[in-house]
file my_file-v1.cif (mmCIF, C-alpha atoms)
data_my_file
#
loop_
_atom_site.label_atom_id
_atom_site.label_comp_id
_atom_site.auth_asym_id
_atom_site.auth_seq_id
_atom_site.Cartn_x
_atom_site.Cartn_y
_atom_site.Cartn_z
CA GLY A 1 76.73 92.30 162.68
CA GLY A 2 73.37 93.17 164.19
CA PHE A 3 71.30 91.46 166.83
CA SER A 4 70.58 87.75 166.42
CA PHE A 5 66.89 86.90 166.71
CA GLU A 6 67.42 83.11 166.79
CA ASN A 7 66.22 82.79 170.37
CA CYS A 8 63.00 84.64 169.58
CA LYS A 9 62.11 81.89 167.13
CA ARG A 10 63.05 79.25 169.70
CA ASN A 11 60.92 80.92 172.38
CA ALA A 12 57.91 81.04 170.08
CA VAL A 13 58.28 77.31 169.34
CA LEU A 14 58.66 76.45 173.04
CA GLU A 15 55.60 78.51 173.88
CA GLY A 16 53.58 76.66 171.26
CA GLU A 17 54.71 73.29 172.61
CA ALA A 18 53.92 74.30 176.19
CA ASN A 19 50.44 75.46 175.23
CA LYS A 20 49.82 72.12 173.49
CA VAL A 21 50.33 70.20 176.75
CA GLY A 22 48.21 72.69 178.68
CA CYS A 23 50.91 74.79 180.37
CA SER A 24 51.38 78.48 179.74
CA MET A 25 54.40 80.74 179.93
CA PRO A 26 54.54 83.02 182.99
CA ALA A 27 52.92 86.32 182.08
CA ALA A 28 55.31 89.24 182.01
CA ARG A 29 54.44 91.94 184.45
CA LYS A 30 53.06 94.82 182.41
CA THR A 31 52.46 98.30 183.64
CA GLY A 32 48.94 98.43 182.07
CA THR A 33 49.11 102.13 182.49
CA THR A 34 48.13 105.59 181.70
CA ILE A 35 51.09 107.91 181.20
CA CYS A 36 51.13 111.35 179.67
CA GLY A 37 53.07 114.56 179.34
CA VAL A 38 52.38 118.18 178.50
CA VAL A 39 54.59 121.14 177.59
CA PHE A 40 53.66 124.36 179.41
CA LYS A 41 55.10 127.86 179.56
CA ASP A 42 58.18 127.14 181.68
CA GLY A 43 58.71 123.41 181.23
CA VAL A 44 57.01 120.02 181.07
CA VAL A 45 54.67 118.11 183.35
CA LEU A 46 54.82 114.28 183.25
CA GLY A 47 52.08 112.15 184.83
CA ALA A 48 51.50 108.45 185.49
CA ASP A 49 49.16 106.12 187.35
CA THR A 50 50.65 103.56 189.77
CA ARG A 51 49.12 100.15 188.94
CA ALA A 52 51.26 97.23 187.71
CA THR A 53 49.39 94.15 186.42
CA GLU A 54 50.32 90.51 185.90
CA GLY A 55 47.59 89.26 183.58
CA MET A 56 44.34 90.19 185.32
CA ILE A 57 45.87 90.56 188.78
CA VAL A 58 47.23 93.77 190.24
CA ALA A 59 50.81 92.92 191.12
CA ASP A 60 51.75 96.29 192.57
CA LYS A 61 49.26 98.89 193.75
CA ASN A 62 51.82 101.65 194.03
CA CYS A 63 54.63 101.26 191.56
CA SER A 64 56.66 104.16 190.27
CA LYS A 65 56.46 104.70 186.52
CA ILE A 66 58.30 108.00 186.21
CA HIS A 67 61.95 107.12 185.82
CA TYR A 68 65.02 109.30 186.27
CA ILE A 69 67.13 109.81 183.16
CA SER A 70 69.20 112.83 184.13
CA PRO A 71 68.80 115.78 186.51
CA ASN A 72 66.76 117.64 183.88
CA ILE A 73 65.13 114.72 182.04
CA TYR A 74 62.54 112.16 183.24
CA CYS A 75 60.79 109.35 181.41
CA CYS A 76 57.43 107.62 181.97
CA GLY A 77 57.23 103.98 180.90
CA ALA A 78 54.34 101.80 179.67
CA GLY A 79 54.40 98.20 178.44
CA THR A 80 56.53 95.46 179.95
CA ALA A 81 57.68 96.72 183.38
CA ALA A 82 61.13 95.10 183.25
CA ASP A 83 61.79 96.53 179.79
CA THR A 84 60.88 100.10 180.73
CA GLU A 85 62.88 99.90 183.97
CA MET A 86 66.06 98.52 182.42
CA THR A 87 65.92 100.56 179.21
CA THR A 88 65.63 103.82 181.11
CA GLN A 89 68.42 102.81 183.49
CA ILE A 90 70.76 101.88 180.63
CA ILE A 91 70.16 105.15 178.80
CA SER A 92 70.43 107.12 182.05
CA SER A 93 73.85 105.57 182.67
CA ASN A 94 75.06 106.18 179.12
CA LEU A 95 73.76 109.75 179.21
CA GLU A 96 75.67 110.45 182.43
CA LEU A 97 78.89 109.28 180.79
CA HIS A 98 78.07 111.31 177.69
CA ALA A 99 77.46 114.43 179.82
CA LEU A 100 80.82 113.97 181.54
CA SER A 101 82.42 113.73 178.12
CA THR A 102 80.73 116.85 176.71
CA GLY A 103 80.89 118.79 179.98
CA ARG A 104 77.31 119.96 179.39
CA LEU A 105 73.84 119.28 180.72
CA PRO A 106 72.33 116.51 178.53
CA ARG A 107 69.70 117.41 175.95
CA VAL A 108 66.33 115.73 175.63
CA ALA A 109 66.95 115.11 171.91
CA THR A 110 70.06 113.10 172.83
CA ALA A 111 68.12 110.87 175.22
CA ASN A 112 65.47 110.45 172.51
CA ARG A 113 68.05 109.38 169.92
CA MET A 114 69.69 106.90 172.28
CA LEU A 115 66.34 105.36 173.24
CA LYS A 116 64.99 105.11 169.71
CA GLN A 117 68.19 103.63 168.30
CA MET A 118 68.28 100.96 171.01
CA LEU A 119 64.61 100.06 170.64
CA PHE A 120 64.92 99.90 166.85
CA ARG A 121 67.90 97.58 167.17
CA TYR A 122 65.69 95.10 169.05
CA GLN A 123 62.94 95.38 166.42
CA GLY A 124 60.07 95.80 168.90
CA TYR A 125 60.94 92.83 171.10
CA ILE A 126 61.70 95.23 173.95
CA GLY A 127 58.15 96.18 174.94
CA ALA A 128 58.84 99.69 176.14
CA ALA A 129 56.52 102.59 175.21
CA LEU A 130 57.91 105.78 176.74
CA VAL A 131 56.99 109.41 177.31
CA LEU A 132 60.24 111.36 177.58
CA GLY A 133 60.27 114.92 178.85
CA GLY A 134 62.75 117.48 180.11
CA VAL A 135 64.16 120.98 179.92
CA ASP A 136 67.54 121.72 178.37
CA CYS A 137 69.44 124.66 176.86
CA ASN A 138 66.92 124.77 173.99
CA GLY A 139 63.84 124.90 176.21
CA PRO A 140 61.24 122.30 177.23
CA HIS A 141 60.81 119.20 175.05
CA LEU A 142 58.44 116.23 175.05
CA TYR A 143 58.74 113.01 173.02
CA SER A 144 56.72 109.80 172.75
CA ILE A 145 58.74 106.71 171.90
CA TYR A 146 57.21 103.46 170.61
CA PRO A 147 58.55 99.90 171.07
CA HIS A 148 59.61 99.57 167.42
CA GLY A 149 61.70 102.71 167.61
CA SER A 150 59.59 105.49 166.10
CA THR A 151 59.29 108.78 167.98
CA ASP A 152 57.01 111.81 167.85
CA LYS A 153 57.87 115.27 169.14
CA LEU A 154 54.66 116.92 170.28
CA PRO A 155 53.28 119.45 172.80
CA TYR A 156 51.15 116.77 174.51
CA VAL A 157 51.34 112.97 174.42
CA THR A 158 49.71 109.97 176.08
CA MET A 159 50.72 106.27 176.14
CA GLY A 160 49.54 103.00 177.61
CA SER A 161 46.22 101.19 177.74
CA GLY A 162 44.54 104.30 179.19
CA SER A 163 46.01 106.62 176.57
CA LEU A 164 42.75 107.08 174.67
CA ALA A 165 40.94 108.27 177.80
CA ALA A 166 43.80 110.62 178.67
CA MET A 167 44.10 111.96 175.12
CA ALA A 168 40.38 112.79 175.14
CA VAL A 169 41.01 115.10 178.11
CA PHE A 170 44.03 116.70 176.42
CA GLU A 171 42.31 117.27 173.09
CA ASP A 172 39.50 119.03 174.94
CA ARG A 173 41.46 121.28 177.29
CA TYR A 174 45.04 121.70 176.08
CA LYS A 175 46.17 125.27 175.38
CA PRO A 176 49.69 126.38 174.44
CA ASP A 177 51.72 128.30 177.08
CA MET A 178 49.72 127.23 180.14
CA GLU A 179 50.75 128.18 183.66
CA GLU A 180 52.25 125.50 185.90
CA ASP A 181 49.10 124.99 187.99
CA GLU A 182 46.88 124.74 184.92
CA ALA A 183 49.22 122.18 183.39
CA LYS A 184 49.38 120.11 186.60
CA GLN A 185 45.59 120.09 186.84
CA LEU A 186 45.28 119.05 183.19
CA VAL A 187 47.73 116.17 183.57
CA ARG A 188 46.07 115.09 186.82
CA ASP A 189 42.70 114.98 185.09
CA ALA A 190 44.06 113.10 182.09
CA ILE A 191 45.59 110.39 184.30
CA ALA A 192 42.39 110.26 186.35
CA ALA A 193 40.43 109.63 183.14
CA GLY A 194 42.73 106.67 182.47
CA ILE A 195 42.52 105.37 186.05
CA PHE A 196 38.74 105.37 186.19
CA ASN A 197 37.96 104.30 182.62
CA ASP A 198 40.70 101.75 181.92
CA LEU A 199 41.01 98.42 183.73
CA GLY A 200 44.77 98.30 183.24
CA SER A 201 45.31 101.58 185.14
CA GLY A 202 44.49 102.45 188.72
CA SER A 203 45.52 103.62 192.19
CA ASN A 204 47.26 106.96 192.55
CA ILE A 205 48.50 109.77 190.32
CA ASP A 206 52.20 110.62 190.27
CA LEU A 207 53.41 113.88 188.76
CA SER A 208 56.79 115.23 187.80
CA VAL A 209 57.14 118.95 187.02
CA ILE A 210 60.38 119.80 185.24
CA THR A 211 61.43 123.42 184.80
CA LYS A 212 64.73 125.12 184.15
CA GLY A 213 66.90 124.28 187.13
CA LYS A 214 64.23 122.48 189.18
CA VAL A 215 62.37 119.17 189.26
CA ASP A 216 59.29 118.54 191.45
CA TYR A 217 58.87 114.78 191.82
CA ILE A 218 55.41 114.58 193.39
CA ARG A 219 54.63 111.02 194.42
CA PRO A 220 51.75 110.81 195.01
CA HIS A 221 50.16 114.00 193.76
CA ASP A 222 46.67 112.65 194.19
CA GLU A 223 45.65 109.54 196.13
CA ALA A 224 42.62 108.96 193.95
CA ASN A 225 41.95 105.46 195.29
CA LYS A 226 42.54 105.48 199.02
CA LYS A 227 41.57 102.24 200.78
CA GLY A 228 38.45 102.82 202.83
CA VAL A 229 38.34 102.52 206.63
CA ARG A 230 36.34 99.54 207.84
CA THR A 231 33.30 100.86 209.67
CA GLY A 232 32.09 97.60 211.27
CA ASP A 233 33.59 94.61 213.05
CA TYR A 234 32.57 90.96 212.68
CA LYS A 235 34.60 89.86 215.72
CA TYR A 236 32.59 87.95 218.26
CA LYS A 237 32.62 89.85 221.53
CA LYS A 238 33.70 87.65 224.46
CA MET B 1 34.44 88.24 179.97
CA LEU B 2 36.96 91.00 180.44
CA GLU B 3 39.24 91.84 177.51
CA GLU B 4 42.76 91.73 178.85
CA THR B 5 44.99 92.24 175.88
CA GLY B 6 44.48 96.00 175.94
CA PRO B 7 44.58 98.11 172.79
CA GLU B 8 46.27 96.23 169.97
CA TRP B 9 48.40 99.26 169.22
CA LEU B 10 50.47 98.47 172.32
CA SER B 11 51.80 95.44 170.45
CA GLU B 12 51.08 96.57 166.90
CA GLU B 13 53.65 98.38 164.95
CA VAL B 14 53.23 102.09 164.36
CA LYS B 15 52.58 102.74 160.67
CA THR B 16 52.40 106.01 158.86
CA GLY B 17 49.32 105.04 156.79
CA THR B 18 49.92 107.92 154.47
CA THR B 19 49.56 109.64 151.21
CA ILE B 20 52.77 111.06 149.76
CA ILE B 21 53.41 112.69 146.42
CA ALA B 22 56.34 114.34 144.65
CA ILE B 23 56.45 116.17 141.34
CA GLU B 24 59.23 117.73 139.30
CA PHE B 25 58.87 121.03 137.47
CA ASN B 26 61.26 123.10 135.40
CA GLY B 27 63.61 124.44 138.06
CA GLY B 28 62.69 122.32 141.06
CA VAL B 29 60.45 119.86 142.85
CA VAL B 30 57.36 119.95 145.04
CA LEU B 31 56.75 117.29 147.70
CA GLY B 32 53.57 116.77 149.69
CA SER B 33 52.28 114.52 152.45
CA ASP B 34 49.40 114.09 154.89
CA SER B 35 50.05 114.00 158.65
CA ARG B 36 48.37 110.94 160.13
CA VAL B 37 50.30 108.24 162.04
CA SER B 38 48.29 105.21 163.12
CA ALA B 39 48.90 102.13 165.25
CA GLY B 40 46.12 99.63 164.57
CA ASP B 41 42.88 101.62 164.76
CA SER B 42 44.33 104.42 166.86
CA VAL B 43 45.78 107.66 165.55
CA VAL B 44 48.91 108.28 167.59
CA ASN B 45 50.04 111.51 165.91
CA ARG B 46 47.74 113.70 163.82
CA VAL B 47 50.32 116.36 162.89
CA MET B 48 53.41 114.41 161.82
CA ASN B 49 55.49 116.01 159.08
CA LYS B 50 56.41 113.09 156.82
CA LEU B 51 58.62 115.20 154.59
CA SER B 52 62.01 114.56 156.15
CA PRO B 53 65.06 116.63 155.22
CA LEU B 54 68.05 114.59 154.07
CA HIS B 55 69.98 117.77 153.31
CA ASP B 56 69.21 121.49 152.80
CA LYS B 57 67.77 120.90 149.34
CA ILE B 58 67.03 117.18 149.43
CA TYR B 59 63.85 115.93 151.08
CA CYS B 60 62.42 112.46 151.51
CA ALA B 61 58.74 111.52 151.89
CA LEU B 62 58.13 108.68 154.38
CA SER B 63 55.52 105.92 154.34
CA GLY B 64 55.09 102.46 155.83
CA SER B 65 56.55 101.53 159.21
CA ALA B 66 57.20 104.71 161.18
CA ALA B 67 60.22 103.27 163.00
CA ASP B 68 61.88 101.99 159.83
CA ALA B 69 61.21 105.16 157.83
CA GLN B 70 62.40 107.49 160.60
CA THR B 71 65.52 105.42 161.17
CA ILE B 72 66.46 105.34 157.48
CA ALA B 73 65.84 109.07 157.06
CA GLU B 74 67.99 109.90 160.10
CA MET B 75 70.79 107.51 159.07
CA VAL B 76 70.90 108.82 155.49
CA ASN B 77 70.77 112.41 156.77
CA TYR B 78 73.85 111.69 158.88
CA GLN B 79 75.71 109.88 156.09
CA LEU B 80 74.93 112.60 153.55
CA HIS B 81 76.33 115.24 155.89
CA VAL B 82 79.56 113.31 156.28
CA HIS B 83 79.68 112.72 152.51
CA SER B 84 79.15 116.40 151.74
CA LEU B 85 82.00 117.32 154.14
CA GLU B 86 84.22 114.81 152.34
CA ILE B 87 83.49 116.11 148.83
CA ASP B 88 83.37 119.70 150.13
CA GLU B 89 80.18 120.59 148.25
CA ASP B 90 76.44 119.94 148.36
CA PRO B 91 75.56 116.28 147.79
CA GLN B 92 73.78 115.21 144.62
CA VAL B 93 70.17 114.07 144.84
CA ARG B 94 71.11 110.78 143.19
CA SER B 95 73.65 110.14 146.00
CA ALA B 96 70.87 110.52 148.54
CA ALA B 97 68.58 108.32 146.46
CA THR B 98 71.26 105.65 146.15
CA LEU B 99 71.91 105.64 149.90
CA VAL B 100 68.19 105.12 150.56
CA PHE B 101 67.53 102.49 147.91
CA ALA B 102 70.69 100.53 148.76
CA THR B 103 69.64 100.43 152.45
CA LEU B 104 66.15 99.28 151.49
CA ASN B 105 67.31 96.87 148.78
CA GLY B 106 64.73 98.43 146.51
CA LEU B 107 64.12 100.03 143.15
CA LEU B 108 65.57 103.36 142.04
CA THR B 109 63.93 105.06 139.10
CA ARG B 110 63.68 108.69 138.04
CA GLN B 111 60.16 109.85 137.20
CA PRO B 112 58.48 113.22 136.54
CA PHE B 113 56.06 112.56 139.42
CA ALA B 114 55.41 109.82 141.98
CA VAL B 115 52.77 108.94 144.55
CA GLY B 116 53.06 106.52 147.44
CA GLY B 117 51.53 105.23 150.66
CA SER B 118 48.19 103.59 151.35
CA GLY B 119 46.29 106.63 150.07
CA SER B 120 48.01 106.64 146.71
CA SER B 121 45.79 103.85 145.38
CA TYR B 122 42.80 106.20 145.51
CA VAL B 123 44.42 108.92 143.41
CA TYR B 124 46.28 107.09 140.64
CA GLY B 125 43.41 107.87 138.29
CA PHE B 126 43.41 111.54 139.26
CA VAL B 127 47.15 112.04 138.84
CA ASP B 128 47.27 110.12 135.56
CA ALA B 129 44.46 112.24 134.13
CA GLU B 130 45.47 115.64 135.52
CA TYR B 131 49.25 115.66 135.22
CA ARG B 132 50.57 117.87 132.47
CA LYS B 133 54.17 118.41 131.39
CA GLY B 134 55.56 121.91 131.79
CA MET B 135 53.60 123.07 134.87
CA ASN B 136 55.17 125.92 136.82
CA LYS B 137 55.76 125.93 140.59
CA GLU B 138 52.35 127.31 141.61
CA GLU B 139 50.48 124.86 139.36
CA CYS B 140 52.54 122.00 140.80
CA GLN B 141 51.74 123.08 144.36
CA GLN B 142 48.03 123.25 143.52
CA PHE B 143 48.20 119.82 141.87
CA VAL B 144 49.88 118.35 144.96
CA VAL B 145 47.34 119.93 147.33
CA ASN B 146 44.40 118.69 145.27
CA THR B 147 45.80 115.16 145.14
CA LEU B 148 46.46 115.07 148.88
CA SER B 149 43.02 116.38 149.68
CA LEU B 150 41.30 113.75 147.55
CA ALA B 151 43.38 110.92 149.01
CA MET B 152 42.90 112.10 152.59
CA ASN B 153 39.15 112.10 152.09
CA ARG B 154 39.02 108.51 150.87
CA ASP B 155 41.81 106.75 152.76
CA GLY B 156 41.15 106.01 156.43
CA SER B 157 44.86 105.86 157.17
CA SER B 158 45.53 109.34 155.75
CA GLY B 159 44.32 112.59 157.21
CA GLY B 160 45.12 115.58 159.38
CA VAL B 161 46.88 118.48 157.69
CA ALA B 162 48.83 118.72 154.44
CA TYR B 163 52.54 119.53 154.40
CA ILE B 164 54.07 120.92 151.20
CA VAL B 165 57.77 121.44 150.51
CA SER B 166 58.90 123.33 147.39
CA ILE B 167 62.58 123.20 146.47
CA ASP B 168 64.21 125.25 143.72
CA GLU B 169 67.52 126.99 143.10
CA HIS B 170 66.57 129.85 145.43
CA GLY B 171 65.94 127.61 148.39
CA THR B 172 63.44 125.47 150.27
CA GLU B 173 59.95 126.55 151.28
CA GLU B 174 57.90 124.56 153.83
CA LYS B 175 54.17 125.11 154.08
CA VAL B 176 51.34 123.67 156.17
CA ILE B 177 47.75 123.67 154.96
CA LEU B 178 45.29 123.13 157.80
CA GLY B 179 42.24 120.90 157.46
CA ASN B 180 39.63 123.53 156.71
CA ASP B 181 41.87 125.27 154.17
CA LEU B 182 42.19 122.17 152.01
CA PRO B 183 40.33 122.26 148.67
CA THR B 184 36.89 120.65 148.71
CA PHE B 185 35.38 118.56 145.96
CA PHE B 186 32.02 117.04 145.10
CA ASP B 187 30.24 115.64 148.15
CA GLN B 188 31.76 118.05 150.71
#
call {"tool": "encode", "arguments": {"input": "my_file-v1.cif", "output": "structure tokens"}}
result
Amino acid sequence: GGFSFENCKRNAVLEGEANKVGCSMPAARKTGTTICGVVFKDGVVLGADTRATEGMIVADKNCSKIHYISPNIYCCGAGTAADTEMTTQIISSNLELHALSTGRLPRVATANRMLKQMLFRYQGYIGAALVLGGVDCNGPHLYSIYPHGSTDKLPYVTMGSGSLAAMAVFEDRYKPDMEEDEAKQLVRDAIAAGIFNDLGSGSNIDLSVITKGKVDYIRPHDEANKKGVRTGDYKYKK
Amino acid sequence: MLEETGPEWLSEEVKTGTTIIAIEFNGGVVLGSDSRVSAGDSVVNRVMNKLSPLHDKIYCALSGSAADAQTIAEMVNYQLHVHSLEIDEDPQVRSAATLVFATLNGLLTRQPFAVGGSGSSYVYGFVDAEYRKGMNKEECQQFVVNTLSLAMNRDGSSGGVAYIVSIDEHGTEEKVILGNDLPTFFDQ
């Protein structure tokens, strides 16, 4: 039993051979990214930037990185865009079936287990680094999930290439039991730190505020990089 | 030129770095660990409790790859619970140990004390010199805290706070010792 990694070996060989003749494999679209989450008094706030990169080129200036898992659980994704998209969709689907079977609102710990067990099964080949947050019968919860399948349950987490910039903001200003507005401002500032100090992150700031019985999906919360209005005109007047 | 690859921890595996130690005394055991989890040069979690419960009175200290260690601890925790329902009593420690070492294809050996993780190299001398047979629970806890503190000071991959778990016939006691409460030695 278990997953067969034969094709991974084959792909590595093919990539080596292609590089020898001067070709290169198409670069996977990555989300570059700054994503983060914070637990506050009544729930969790998740935040993300909106830039998707293909190598050094911005492939999408306004992509959505906060994915739906269940009515009370959302998940931000960093790493390979296709992997985060599909992984969250698969677990969302399985969790819906699971909830129908239990007759209860799904728990964040359940989503965490499903995600970590799937990512572990693929031994890190699925490049999905996730920030999972939600509110269930046991209160608000926040997890960070790494591509190899390890998870951390913490009051504040950051992921992605801009995570160091965002974590610097959190370590400075996080307090337990913040109010909703304080928490939103903190997350906004953390993502902004990533957007302005990391090349892999940019554009706007999306927020998702999850509380008991309500989800505020704010896209965008802050258009930090609005395209300027052209002030002059080079057209030759007739 | 611009560096595109991003932080290596995005592709690097998350390791627990770590210093872990366990010691047996007459009537129970004391386990201790640091709290640092690193991926490459980045610390991704500075407060991780690496002492994972396999059952009410059986704990396991984790080191190495975070994903592998967490997965094994969770799987063995589940299997031990099923096993204890089947035998209708608390599982034996050696059952837990066998489940772990069989999964890892490793070595199982009973010892009065053990150290592990990247930080253990720095304290082998200390534990060999300072360990005495017949310590009581408080002396064991102090020994564990001293060892952890020394290792955390010297090993870059260990740090944060110290977690101590003491298990005896009366029950399990979990304790956290924050950074500034750790014992200090020469040069601090």
call {"tool": "atom_distance", "arguments": {"input": "my_file-v1.cif", "atom1": "atom CA of Tyr122 of chain B", "atom2": "atom CA of Met48 of chain B"}}
result
21.1 Å
call {"tool": "residues_around", "arguments": {"input": "my_file-v1.cif", "residues": "segment 4-12 of chain A", "least_positions_apart": "5", "cutoff": "10 Å", "atoms": "only C-alpha atoms", "output": "list in words"}}
result
Glu17, Ala18, Met25, Tyr122, Gln123 and Tyr125 of chain A
call {"tool": "residues_around", "arguments": {"input": "my_file-v1.cif", "residues": "Cys60 of chain B", "least_positions_apart": "3", "cutoff": "12 Å", "atoms": "all atoms listed in the file", "output": "CSV table (one decimal) with C-alpha atoms, keeping the file's coordinate frame"}}
result
chain,number,residue,atom,x,y,z
B,20,ILE,CA,52.8,111.1,149.8
B,21,ILE,CA,53.4,112.7,146.4
B,22,ALA,CA,56.3,114.3,144.6
B,29,VAL,CA,60.4,119.9,142.8
B,30,VAL,CA,57.4,120.0,145.0
B,31,LEU,CA,56.8,117.3,147.7
B,32,GLY,CA,53.6,116.8,149.7
B,33,SER,CA,52.3,114.5,152.4
B,49,ASN,CA,55.5,116.0,159.1
B,50,LYS,CA,56.4,113.1,156.8
B,51,LEU,CA,58.6,115.2,154.6
B,52,SER,CA,62.0,114.6,156.2
B,53,PRO,CA,65.1,116.6,155.2
B,54,LEU,CA,68.0,114.6,154.1
B,55,HIS,CA,70.0,117.8,153.3
B,56,ASP,CA,69.2,121.5,152.8
B,57,LYS,CA,67.8,120.9,149.3
B,63,SER,CA,55.5,105.9,154.3
B,69,ALA,CA,61.2,105.2,157.8
B,70,GLN,CA,62.4,107.5,160.6
B,72,ILE,CA,66.5,105.3,157.5
B,73,ALA,CA,65.8,109.1,157.1
B,74,GLU,CA,68.0,109.9,160.1
B,76,VAL,CA,70.9,108.8,155.5
B,77,ASN,CA,70.8,112.4,156.8
B,93,VAL,CA,70.2,114.1,144.8
B,96,ALA,CA,70.9,110.5,148.5
B,97,ALA,CA,68.6,108.3,146.5
B,99,LEU,CA,71.9,105.6,149.9
B,100,VAL,CA,68.2,105.1,150.6
B,101,PHE,CA,67.5,102.5,147.9
B,116,GLY,CA,53.1,106.5,147.4
B,164,ILE,CA,54.1,120.9,151.2
B,165,VAL,CA,57.8,121.4,150.5
B,167,ILE,CA,62.6,123.2,146.5
call {"tool": "closest_atom_pairs", "arguments": {"input": "my_file-v1.cif", "of": "chain A", "to": "chain B", "cutoff": "6 Å", "atoms": "only C-alpha atoms", "output": "tab-separated table"}}
result
residue	atom	partner	partner_atom	distance
A:His148	CA	B:Ala67	CA	5.8
A:Gly149	CA	B:Ala67	CA	4.9
A:Ser150	CA	B:Ala67	CA	3.9
A:Ser161	CA	B:Gly6	CA	5.8
call {"tool": "closest_residue", "arguments": {"input": "my_file-v1.cif", "among": "B:Ala61, B:Leu182, B:Val176, B:Ala129", "to": "Val115 of chain B", "atoms": "only C-alpha atoms"}}
result
B:Ala61
call {"tool": "residues_around", "arguments": {"input": "my_file-v1.cif", "residues": "Leu130 of chain A", "least_positions_apart": "2", "cutoff": "9 Å", "atoms": "only C-alpha atoms", "output": "PyMOL selection string"}}
result
chain A and resi 35+75-79+84+128+132+143-147+159-160
call {"tool": "resolve_selection", "arguments": {"input": "my_file-v1.cif", "expression": "the PyMOL selection byres ((chain A and resi 217) around 10)", "output": "list in words"}}
result
Leu46, Ile66, Tyr68, Tyr74, Asp206, Leu207, Ser208, Val209, Ile210, Lys214, Val215, Asp216, Ile218, Arg219, Pro220 and His221 of chain A
call {"tool": "residues_around", "arguments": {"input": "my_file-v1.cif", "residues": "Arg132 of chain B", "least_positions_apart": "2", "cutoff": "12 Å", "atoms": "all atoms listed in the file", "output": "list in words"}}
result
Ile23, Glu24, Phe25, Pro112, Phe113, Phe126, Val127, Asp128, Ala129, Glu130, Gly134, Met135, Asn136, Glu139, Cys140 and Phe143 of chain B
call {"tool": "atom_distance", "arguments": {"input": "my_file-v1.cif", "atom1": "atom CA of Pro183 of chain B", "atom2": "atom CA of Tyr59 of chain B"}}
result
24.5 Å
call {"tool": "resolve_selection", "arguments": {"input": "my_file-v1.cif", "expression": "the PyMOL selection byres ((chain A and resi 69) around 8)", "output": "list in words"}}
result
His67, Tyr68, Ser70, Pro71, Asn72, Ile73, Tyr74, Cys75, Thr88, Gln89, Ile91, Ser92, Ser93 and Leu95 of chain A
call {"tool": "atom_distance", "arguments": {"input": "my_file-v1.cif", "atom1": "atom CA of Asn138 of chain A", "atom2": "atom CA of Glu173 of chain B"}}
result
23.8 Å
call {"tool": "resolve_selection", "arguments": {"input": "my_file-v1.cif", "expression": "the PyMOL selection byres ((chain B and resi 159) around 8)", "output": "MDAnalysis selection string"}}
result
chainID B and resid 18 34:36 46 152:153 155:158 160:161
call {"tool": "closest_residue", "arguments": {"input": "my_file-v1.cif", "among": "B:Gly27, B:Gly125, B:Gly17, B:Pro91", "to": "Leu62 of chain B", "atoms": "all atoms listed in the file"}}
result
B:Gly17
call {"tool": "closest_residue", "arguments": {"input": "my_file-v1.cif", "among": "B:Leu150, B:Leu107, B:Val82, B:Ala102", "to": "Gly119 of chain B", "atoms": "all atoms listed in the file"}}
result
B:Leu150
call {"tool": "closest_residue", "arguments": {"input": "my_file-v1.cif", "among": "A:Cys137, A:Val44, A:Ile195, A:Ala129", "to": "Arg107 of chain A", "atoms": "all atoms listed in the file"}}
result
A:Cys137
call {"tool": "axis_aligned_box", "arguments": {"input": "my_file-v1.cif", "around": "segment 165-174 of chain A", "padding_each_side": "4 Å", "output": "JSON"}}
result
{"center_x": 42.3, "center_y": 115.0, "center_z": 175.9, "size_x": 13.5, "size_y": 21.4, "size_z": 13.6}
call {"tool": "closest_residue", "arguments": {"input": "my_file-v1.cif", "among": "A:Ile90, A:Leu14, A:Leu154, A:Cys63", "to": "Thr50 of chain A", "atoms": "all atoms listed in the file"}}
result
A:Cys63
call {"tool": "residues_around", "arguments": {"input": "my_file-v1.cif", "residues": "Glu179 of chain A", "least_positions_apart": "5", "cutoff": "12 Å", "atoms": "all atoms listed in the file", "output": "list in words"}}
result
Val38, Val39, Phe40, Lys41, Asp42, Gly43, Val44, Val45, Tyr174, Lys184, Gln185, Leu186, Val209 and Thr211 of chain A
call {"tool": "closest_residue", "arguments": {"input": "my_file-v1.cif", "among": "B:Asp41, B:Glu169, B:Asp181, B:Asp90", "to": "Asn146 of chain B", "atoms": "only C-alpha atoms"}}
result
B:Asp181
